[in-house]
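Down below is the structure, laid out as structure tokens.
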There are 2 protein chains.
Amino acid sequence: MSRVVLATRNPGKITELRRILAEADDKTELIGLEEYPEIGDIPETGLTFAENALIKAHAVAQATGLPAVADDSGLCVDALNGMPGVFSARWSGTHGDDKANLALLLAQISDVPEVHRSAHFTCAAALVLPTGEERVAEGVITGEIIRTPRGTGGFGYDPIFLPTGETRTTAEMPPAAKDATSHRGRAFRALVPMIHTLLPS
Amino acid sequence: MSRVVLATRNPGKITELRRILAEADDKTELIGLEEYPEIGDIPETGLTFAENALIKAHAVAQATGLPAVADDSGLCVDALNGMPGVFSARWSGTHGDDKANLALLLAQISDVPEVHRSAHFTCAAALVLPTGEERVAEGVITGEIIRTPRGTGGFGYDPIFLPTGETRTTAEMPPAAKDATSHRGRAFRALVPMIHTLLPS
């Protein structure tokens, strides 16, 4: 069994990543960052999801001496040229205020007609070894932004994201259904074979 | 003397447009929209500056039976993929709240290092005749976003915009110096010959 540190303190991401990896990978043991309280906030200064995921995984692999996996993900709204993008978690100016971020986004595009409300979630999943060796996998789910939040599952912008061909927002889907098509599910399932290649048990 | 209606109720834009056109064009008389209180808000549903400027000028030309000129302009921040862009005046979710828009933008890019804080202002200037004939000219000024507002002139994002090669923000520049290089000055000076061609005195 390989041991890997999960390089995030976002409770929504921790829940989903543990669930996705438990389903996709029975050869890797995930260690939470709560075991390393001495690791402080890691500034996400990258301009792409992959850059930020790598920044976080490198910092944690270096601090712990263990392989680290990290996620950077966000909502890309076409009418906003792909924003909030890497700024998704701090869109309203305060990091991690899901409600304020979602309310601001809805207000910004309130005049945008249905035909232009397309969007996608992107996730970059990174694996970094203490040696510095690195891998990144990306996953995407397309959909559109609705006008009124629906559902209590998930986190972030889930209540206003309706995947293409779905009648439920990602906050209304049961966890297994969400993971099967979500950006995070796709990215981390693509990362699993890379984990096994770099970390033979 | 041709008579043309200025299709905006934004006080900052009215001041600048009257100044720029008074300097560049002595053959056109500008009529303010305050003479047409019956014309309500015109929804800016376009996804580009040119679309929105044309929407406003068409609405006012149709309502007044006179040629109309309109401006749509905004700040395009490279780290935000060109946003706030056409959403500049409603970035914080409330239309026209300059202070809230500027504060939100600064907070969103607070982690973005100096080397990635480049931006430009764009202005689309539109002329539309009551017959529906239309022209558009665009102007751009490049620069960067500073971290602390400076200056009391101009409006909107001027206090945080430092033009390339300048030591003053556009809010610190005297009006004539600002107009000489601003996106709005460039766009409307380019529109003047089109006005004269379409509206021979």
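Residues are named by chain letter and number: chains run A, B, ... in the order of the structure tokens, numbers start at 1 in each chain, and ligands are numbered from 1 in the order shown.
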
Can you tell me, as a JSON list (two decimals) with C-alpha atoms, in the first residue's frame, what residues are no more than 9 Å from range 164-167 of chain A when counting only C-alpha atoms, ignoring any on the same chain fewer than 4 positions away?
[["chain", "number", "residue", "atom", "x", "y", "z"],
["A", 141, "ILE", "CA", -17.52, 18.67, -17.39],
["A", 142, "THR", "CA", -19.58, 20.99, -19.62],
["A", 143, "GLY", "CA", -22.94, 22.55, -18.80],
["A", 144, "GLU", "CA", -24.67, 25.86, -18.22]]

Which residues of chain A have any atom within 7 Å of an atom in chain B when counting only C-alpha atoms, and what is the closest pair of atoms for each, with the distance in Å to one decimal? Order the rows by chain and rising number and write it as CSV.
residue,atom,partner,partner_atom,distance
A:Thr45,CA,B:Asp111,CA,6.1
A:Leu80,CA,B:Met83,CA,6.6
A:Asn81,CA,B:Asn81,CA,5.9
A:Met83,CA,B:Leu80,CA,6.6
A:Arg90,CA,B:Gln108,CA,6.5
A:Trp91,CA,B:Gln108,CA,5.9
A:Ser92,CA,B:Leu104,CA,6.7
A:Gly93,CA,B:Ala107,CA,4.6
A:Leu104,CA,B:Gly93,CA,6.0
A:Ala107,CA,B:Gly93,CA,4.6
A:Gln108,CA,B:Gly93,CA,5.0
A:Asp111,CA,B:Thr45,CA,6.1
A:Val112,CA,B:Thr45,CA,6.2

Give me, as a count of residues only, the residues of range 95-178 of chain B that a backbone DSSP run labels alpha helix (DSSP H). 15

Need the shell around range 51-53 of chain B: protein/DNA/RNA residues with any atom at most 10 Å away, counting only C-alpha atoms. Skip same-chain ones fewer than 4 positions apart. Format as a list of chain:residue names?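 So, after excluding close chain neighbours, the residues are B:Ala7, B:Thr8, B:Ile42, B:Pro43, B:Glu44, B:Thr45, B:Gly46, B:Leu47, B:Ala57, B:His58, B:Val69, B:Ala70, B:Asp71, B:Asp72, B:Ser73, B:Val86, B:Cys123, B:Ala124, B:Ala125, B:Ala126, B:Leu127, B:Val128, B:Val136.
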
So that I can check the surroundings of Asp25 in chain A, please list as a PyMOL selection string every protein, DNA and RNA residue that reaches within 9 Å of it, counting only C-alpha atoms and ignoring chain neighbours fewer than 5 positions away. chain A and resi 20+189+192-193

Point-to-point distance from CA of Val4 in chain B to CA of Leu54 in chain B, Å rounded to tenths: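 Result for CA of Val4 in chain B versus CA of Leu54 in chain B: 14.7 Å, one decimal.
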
Name all residues at most 12 Å from Leu21 in chain A (count only C-alpha atoms; drop same-chain ones fewer than 3 positions away) and give them as JSON, numbers by chain. {"A": [4, 6, 13, 14, 15, 16, 17, 18, 24, 25, 26, 27, 28, 29, 30, 69, 125, 179, 180, 184, 185, 186, 187, 188, 189, 190, 191, 192, 193, 195]}

Would you please extract all strand (DSSP E) residues from range 27-175 of chain A, as assigned by DSSP on the backbone, and give them as an NGL selection string? :A and (28-32 or 68-77 or 83-84 or 118-128 or 134-145 or 161-163)

Those same residues - N, CA and C atoms - I'd like them written as a CSV table (one decimal), in the first residue's frame.
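Output saved as selection12.csv:
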chain,number,residue,atom,x,y,z
A,28,THR,N,-3.8,2.6,-2.7
A,28,THR,CA,-3.2,3.8,-2.2
A,28,THR,C,-3.9,4.3,-0.9
A,29,GLU,N,-3.1,4.6,0.1
A,29,GLU,CA,-3.6,5.1,1.4
A,29,GLU,C,-3.5,6.6,1.4
A,30,LEU,N,-4.6,7.3,1.6
A,30,LEU,CA,-4.6,8.8,1.6
A,30,LEU,C,-4.4,9.3,3.0
A,31,ILE,N,-3.4,10.2,3.2
A,31,ILE,CA,-3.2,10.8,4.5
A,31,ILE,C,-3.7,12.2,4.4
A,32,GLY,N,-4.5,12.7,5.4
A,32,GLY,CA,-5.0,14.0,5.4
A,32,GLY,C,-4.0,15.1,5.8
A,68,ALA,N,2.6,13.6,-2.8
A,68,ALA,CA,1.4,14.4,-2.5
A,68,ALA,C,0.6,14.5,-3.7
A,69,VAL,N,-0.7,14.4,-3.5
A,69,VAL,CA,-1.7,14.7,-4.6
A,69,VAL,C,-2.4,16.0,-4.3
A,70,ALA,N,-2.7,16.8,-5.3
A,70,ALA,CA,-3.4,18.1,-5.1
A,70,ALA,C,-4.4,18.3,-6.2
A,71,ASP,N,-5.4,19.1,-5.9
A,71,ASP,CA,-6.4,19.4,-6.9
A,71,ASP,C,-6.4,20.9,-7.0
A,72,ASP,N,-6.5,21.4,-8.3
A,72,ASP,CA,-7.0,22.8,-8.4
A,72,ASP,C,-8.1,22.8,-9.4
A,73,SER,N,-9.2,23.5,-9.1
A,73,SER,CA,-10.3,23.3,-10.0
A,73,SER,C,-11.1,24.6,-9.9
A,74,GLY,N,-12.0,24.8,-10.9
A,74,GLY,CA,-12.8,26.0,-10.9
A,74,GLY,C,-13.9,25.9,-12.0
A,75,LEU,N,-14.7,27.0,-12.0
A,75,LEU,CA,-15.8,27.1,-12.9
A,75,LEU,C,-15.3,28.1,-14.0
A,76,CYS,N,-15.5,27.7,-15.3
A,76,CYS,CA,-15.1,28.6,-16.4
A,76,CYS,C,-16.4,29.0,-17.2
A,77,VAL,N,-16.8,30.2,-17.1
A,77,VAL,CA,-18.0,30.7,-17.7
A,77,VAL,C,-17.7,31.4,-19.0
A,83,MET,N,-13.6,33.0,-16.9
A,83,MET,CA,-13.5,33.2,-15.5
A,83,MET,C,-14.8,32.7,-14.8
A,84,PRO,N,-14.8,32.5,-13.5
A,84,PRO,CA,-13.8,32.8,-12.5
A,84,PRO,C,-12.5,31.9,-12.6
A,118,SER,N,-23.3,29.2,-21.2
A,118,SER,CA,-22.6,27.9,-21.2
A,118,SER,C,-21.3,28.1,-20.3
A,119,ALA,N,-20.9,27.0,-19.7
A,119,ALA,CA,-19.7,27.0,-18.8
A,119,ALA,C,-19.2,25.6,-18.7
A,120,HIS,N,-18.0,25.5,-18.1
A,120,HIS,CA,-17.5,24.1,-17.7
A,120,HIS,C,-16.7,24.2,-16.4
A,121,PHE,N,-16.8,23.1,-15.7
A,121,PHE,CA,-15.8,22.9,-14.6
A,121,PHE,C,-14.6,22.3,-15.1
A,122,THR,N,-13.4,22.7,-14.6
A,122,THR,CA,-12.2,22.1,-14.9
A,122,THR,C,-11.5,21.7,-13.6
A,123,CYS,N,-10.8,20.5,-13.6
A,123,CYS,CA,-10.0,20.1,-12.5
A,123,CYS,C,-8.7,19.6,-13.0
A,124,ALA,N,-7.6,20.1,-12.4
A,124,ALA,CA,-6.3,19.6,-12.6
A,124,ALA,C,-5.9,18.8,-11.3
A,125,ALA,N,-5.5,17.6,-11.5
A,125,ALA,CA,-5.1,16.7,-10.4
A,125,ALA,C,-3.6,16.5,-10.6
A,126,ALA,N,-2.8,16.8,-9.6
A,126,ALA,CA,-1.4,16.7,-9.6
A,126,ALA,C,-0.8,15.7,-8.6
A,127,LEU,N,0.2,15.0,-9.1
A,127,LEU,CA,1.0,14.1,-8.2
A,127,LEU,C,2.4,14.5,-8.2
A,128,VAL,N,3.0,14.7,-7.0
A,128,VAL,CA,4.4,15.1,-6.9
A,128,VAL,C,5.1,14.2,-5.9
A,134,GLU,N,6.9,14.8,-11.2
A,134,GLU,CA,5.5,15.3,-11.2
A,134,GLU,C,4.7,14.8,-12.4
A,135,ARG,N,3.3,14.6,-12.1
A,135,ARG,CA,2.4,14.3,-13.2
A,135,ARG,C,1.1,15.1,-13.0
A,136,VAL,N,0.4,15.5,-14.1
A,136,VAL,CA,-0.8,16.2,-14.0
A,136,VAL,C,-1.8,15.5,-14.9
A,137,ALA,N,-3.1,15.4,-14.4
A,137,ALA,CA,-4.2,15.0,-15.3
A,137,ALA,C,-5.3,16.0,-15.2
A,138,GLU,N,-6.0,16.2,-16.3
A,138,GLU,CA,-7.1,17.2,-16.2
A,138,GLU,C,-8.5,16.5,-16.6
A,139,GLY,N,-9.5,17.1,-16.0
A,139,GLY,CA,-10.9,16.6,-16.3
A,139,GLY,C,-11.8,17.8,-16.4
A,140,VAL,N,-12.8,17.6,-17.3
A,140,VAL,CA,-13.7,18.7,-17.6
A,140,VAL,C,-15.1,18.2,-17.6
A,141,ILE,N,-16.1,19.0,-17.2
A,141,ILE,CA,-17.5,18.7,-17.4
A,141,ILE,C,-18.2,19.9,-17.9
A,142,THR,N,-18.9,19.8,-19.0
A,142,THR,CA,-19.6,21.0,-19.6
A,142,THR,C,-21.0,21.1,-19.1
A,143,GLY,N,-21.6,22.3,-19.2
A,143,GLY,CA,-22.9,22.6,-18.8
A,143,GLY,C,-23.3,24.0,-19.0
A,144,GLU,N,-24.3,24.5,-18.2
A,144,GLU,CA,-24.7,25.9,-18.2
A,144,GLU,C,-25.0,26.4,-16.8
A,145,ILE,N,-25.0,27.7,-16.7
A,145,ILE,CA,-25.3,28.4,-15.4
A,145,ILE,C,-26.8,28.7,-15.3
A,161,PHE,N,-24.9,24.9,-11.4
A,161,PHE,CA,-24.3,24.3,-12.6
A,161,PHE,C,-25.1,23.1,-13.0
A,162,LEU,N,-25.7,23.2,-14.3
A,162,LEU,CA,-26.5,22.1,-14.8
A,162,LEU,C,-25.6,21.4,-15.9
A,163,PRO,N,-25.2,20.2,-15.7
A,163,PRO,CA,-24.4,19.5,-16.7
A,163,PRO,C,-25.2,19.3,-18.0

With a distance cut-off of 8 Å and only C-alpha atoms, select the neighbouring residues of Pro174 in chain A, excluding the residue or stretch itself and same-chain residues fewer than 3 positions from it, and output the selection as a compact mmCIF listing (two decimals) with N, CA, C and O atoms, in the first residue's frame.
# COMPACT_ATOMS: atom_id res chain seq x y z
N GLY A 153 -26.22 19.34 -2.19
CA GLY A 153 -25.01 18.52 -2.23
C GLY A 153 -23.82 19.32 -2.76
O GLY A 153 -23.95 20.49 -3.09
N ALA A 177 -23.34 9.53 -8.79
CA ALA A 177 -23.67 10.04 -10.13
C ALA A 177 -22.81 11.25 -10.46
O ALA A 177 -22.33 11.42 -11.58
N LYS A 178 -22.59 12.10 -9.46
CA LYS A 178 -21.74 13.28 -9.69
C LYS A 178 -20.31 12.84 -10.01
O LYS A 178 -19.72 13.30 -11.00

Point-to-point distance in Å for CA of Glu35 in chain B and CA of His196 in chain B: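 Rounded to one decimal, the two atoms are 23.5 Å apart.
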
Can you work out which one of A:Ile160, A:Leu199, A:Phe155, A:Ala171 has the shortest atom-to-atom distance to Gly96 in chain A, counting only C-alpha atoms?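 Ranked by minimum distance to Gly96 in chain A, first place goes to A:Phe155.
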
For Gln62 in chain B: contacts at 12 Å, only C-alpha atoms, fewer than 2 positions along chain excluded, given as a list in words: Val5, Ala7, Ile39, Leu54, Ile55, Lys56, Ala57, His58, Ala59, Val60, Thr64, Gly65, Leu66, Pro67, Ala68, Val128, Leu129, Pro130, Thr131, Gly132 and Glu133 of chain B

Those residues you just picked out, can you put them in a file as a short mmCIF file (atom, residue, chain, number, x, y, z; two decimals), in the first residue's frame with all heavy atoms?
data_model
loop_
_atom_site.label_atom_id
_atom_site.label_comp_id
_atom_site.auth_asym_id
_atom_site.auth_seq_id
_atom_site.Cartn_x
_atom_site.Cartn_y
_atom_site.Cartn_z
N VAL B 5 -27.27 63.03 -30.92
CA VAL B 5 -27.60 62.77 -29.52
C VAL B 5 -26.53 61.88 -28.90
O VAL B 5 -26.10 60.89 -29.50
CB VAL B 5 -28.97 62.07 -29.38
CG1 VAL B 5 -29.35 61.93 -27.90
CG2 VAL B 5 -30.05 62.83 -30.13
N ALA B 7 -25.68 59.15 -26.49
CA ALA B 7 -26.52 58.09 -25.91
C ALA B 7 -25.93 57.50 -24.65
O ALA B 7 -25.61 56.31 -24.58
CB ALA B 7 -26.77 57.00 -26.95
N ILE B 39 -36.75 58.12 -22.51
CA ILE B 39 -35.96 56.95 -22.91
C ILE B 39 -35.43 56.26 -21.65
O ILE B 39 -34.67 56.84 -20.89
CB ILE B 39 -34.79 57.35 -23.83
CG1 ILE B 39 -35.32 58.03 -25.10
CG2 ILE B 39 -33.95 56.13 -24.20
CD1 ILE B 39 -34.25 58.49 -26.06
N LEU B 54 -23.38 49.72 -30.22
CA LEU B 54 -24.37 49.76 -31.30
C LEU B 54 -25.78 49.61 -30.75
O LEU B 54 -26.71 50.29 -31.21
CB LEU B 54 -24.06 48.66 -32.33
CG LEU B 54 -22.88 48.99 -33.25
CD1 LEU B 54 -22.44 47.75 -34.03
CD2 LEU B 54 -23.26 50.12 -34.22
N ILE B 55 -25.98 48.72 -29.77
CA ILE B 55 -27.31 48.54 -29.16
C ILE B 55 -27.81 49.88 -28.62
O ILE B 55 -28.95 50.29 -28.86
CB ILE B 55 -27.25 47.49 -28.03
CG1 ILE B 55 -27.11 46.08 -28.60
CG2 ILE B 55 -28.49 47.58 -27.13
CD1 ILE B 55 -26.77 45.00 -27.56
N LYS B 56 -26.93 50.59 -27.90
CA LYS B 56 -27.34 51.86 -27.30
C LYS B 56 -27.61 52.93 -28.36
O LYS B 56 -28.62 53.64 -28.30
CB LYS B 56 -26.27 52.35 -26.31
CG LYS B 56 -26.21 51.51 -25.04
CD LYS B 56 -25.20 52.04 -24.03
CE LYS B 56 -23.83 51.42 -24.25
NZ LYS B 56 -22.88 51.73 -23.15
N ALA B 57 -26.72 53.02 -29.35
CA ALA B 57 -26.90 54.06 -30.37
C ALA B 57 -28.14 53.77 -31.23
O ALA B 57 -28.88 54.70 -31.59
CB ALA B 57 -25.64 54.15 -31.25
N HIS B 58 -28.39 52.51 -31.57
CA HIS B 58 -29.59 52.17 -32.35
C HIS B 58 -30.86 52.54 -31.56
O HIS B 58 -31.80 53.12 -32.12
CB HIS B 58 -29.62 50.67 -32.68
CG HIS B 58 -28.89 50.33 -33.94
ND1 HIS B 58 -29.41 50.58 -35.20
CD2 HIS B 58 -27.67 49.77 -34.16
CE1 HIS B 58 -28.54 50.18 -36.13
NE2 HIS B 58 -27.47 49.69 -35.51
N ALA B 59 -30.88 52.20 -30.27
CA ALA B 59 -32.08 52.47 -29.45
C ALA B 59 -32.36 53.97 -29.41
O ALA B 59 -33.51 54.40 -29.55
CB ALA B 59 -31.89 51.91 -28.05
N VAL B 60 -31.29 54.77 -29.24
CA VAL B 60 -31.49 56.22 -29.10
C VAL B 60 -31.80 56.87 -30.45
O VAL B 60 -32.64 57.78 -30.53
CB VAL B 60 -30.26 56.85 -28.41
CG1 VAL B 60 -30.31 58.37 -28.48
CG2 VAL B 60 -30.21 56.39 -26.95
N THR B 64 -35.31 58.88 -30.92
CA THR B 64 -35.26 60.34 -31.09
C THR B 64 -35.42 60.79 -32.53
O THR B 64 -35.72 61.96 -32.78
CB THR B 64 -33.90 60.90 -30.60
OG1 THR B 64 -32.85 60.32 -31.41
CG2 THR B 64 -33.65 60.56 -29.14
N GLY B 65 -35.20 59.90 -33.48
CA GLY B 65 -35.22 60.30 -34.89
C GLY B 65 -34.00 61.13 -35.28
O GLY B 65 -33.96 61.75 -36.34
N LEU B 66 -32.98 61.15 -34.42
CA LEU B 66 -31.74 61.88 -34.70
C LEU B 66 -30.56 60.91 -34.73
O LEU B 66 -30.64 59.83 -34.13
CB LEU B 66 -31.47 62.92 -33.61
CG LEU B 66 -32.35 64.17 -33.59
CD1 LEU B 66 -32.06 64.99 -32.34
CD2 LEU B 66 -32.07 65.03 -34.85
N PRO B 67 -29.48 61.27 -35.40
CA PRO B 67 -28.27 60.44 -35.29
C PRO B 67 -27.83 60.35 -33.84
O PRO B 67 -27.99 61.32 -33.08
CB PRO B 67 -27.23 61.22 -36.11
CG PRO B 67 -28.00 62.14 -36.97
CD PRO B 67 -29.28 62.46 -36.24
N ALA B 68 -27.30 59.20 -33.43
CA ALA B 68 -26.88 59.02 -32.04
C ALA B 68 -25.46 58.47 -32.00
O ALA B 68 -25.09 57.62 -32.82
CB ALA B 68 -27.82 58.08 -31.30
N VAL B 128 -24.96 55.84 -35.08
CA VAL B 128 -26.08 55.20 -35.79
C VAL B 128 -27.03 56.29 -36.27
O VAL B 128 -27.38 57.20 -35.51
CB VAL B 128 -26.82 54.18 -34.89
CG1 VAL B 128 -28.09 53.69 -35.57
CG2 VAL B 128 -25.92 52.99 -34.55
N LEU B 129 -27.43 56.22 -37.55
CA LEU B 129 -28.41 57.18 -38.09
C LEU B 129 -29.83 56.63 -37.89
O LEU B 129 -30.00 55.42 -37.72
CB LEU B 129 -28.16 57.38 -39.59
CG LEU B 129 -26.77 57.80 -40.03
CD1 LEU B 129 -26.82 58.35 -41.47
CD2 LEU B 129 -26.21 58.86 -39.10
N PRO B 130 -30.82 57.50 -37.93
CA PRO B 130 -32.21 57.02 -37.82
C PRO B 130 -32.56 56.02 -38.93
O PRO B 130 -33.45 55.19 -38.76
CB PRO B 130 -33.03 58.31 -37.96
CG PRO B 130 -32.12 59.40 -37.56
CD PRO B 130 -30.74 58.97 -37.96
N THR B 131 -31.84 56.06 -40.04
CA THR B 131 -32.06 55.08 -41.12
C THR B 131 -31.53 53.70 -40.75
O THR B 131 -31.81 52.72 -41.44
CB THR B 131 -31.29 55.51 -42.38
OG1 THR B 131 -29.90 55.60 -42.04
CG2 THR B 131 -31.78 56.84 -42.90
N GLY B 132 -30.73 53.60 -39.69
CA GLY B 132 -30.15 52.33 -39.29
C GLY B 132 -28.70 52.18 -39.73
O GLY B 132 -28.00 51.25 -39.30
N GLU B 133 -28.23 53.11 -40.57
CA GLU B 133 -26.82 53.03 -40.98
C GLU B 133 -25.92 53.21 -39.76
O GLU B 133 -26.22 54.00 -38.87
CB GLU B 133 -26.51 54.09 -42.04
CG GLU B 133 -25.17 53.86 -42.71
CD GLU B 133 -25.10 54.47 -44.11
OE1 GLU B 133 -26.03 55.18 -44.51
OE2 GLU B 133 -24.09 54.22 -44.79
#

Would you work out the distance separating CA of Phe49 in chain A from CA of Tyr157 in chain A, expressed in Å to one decimal?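 These two atoms are separated by 16.5 Å.
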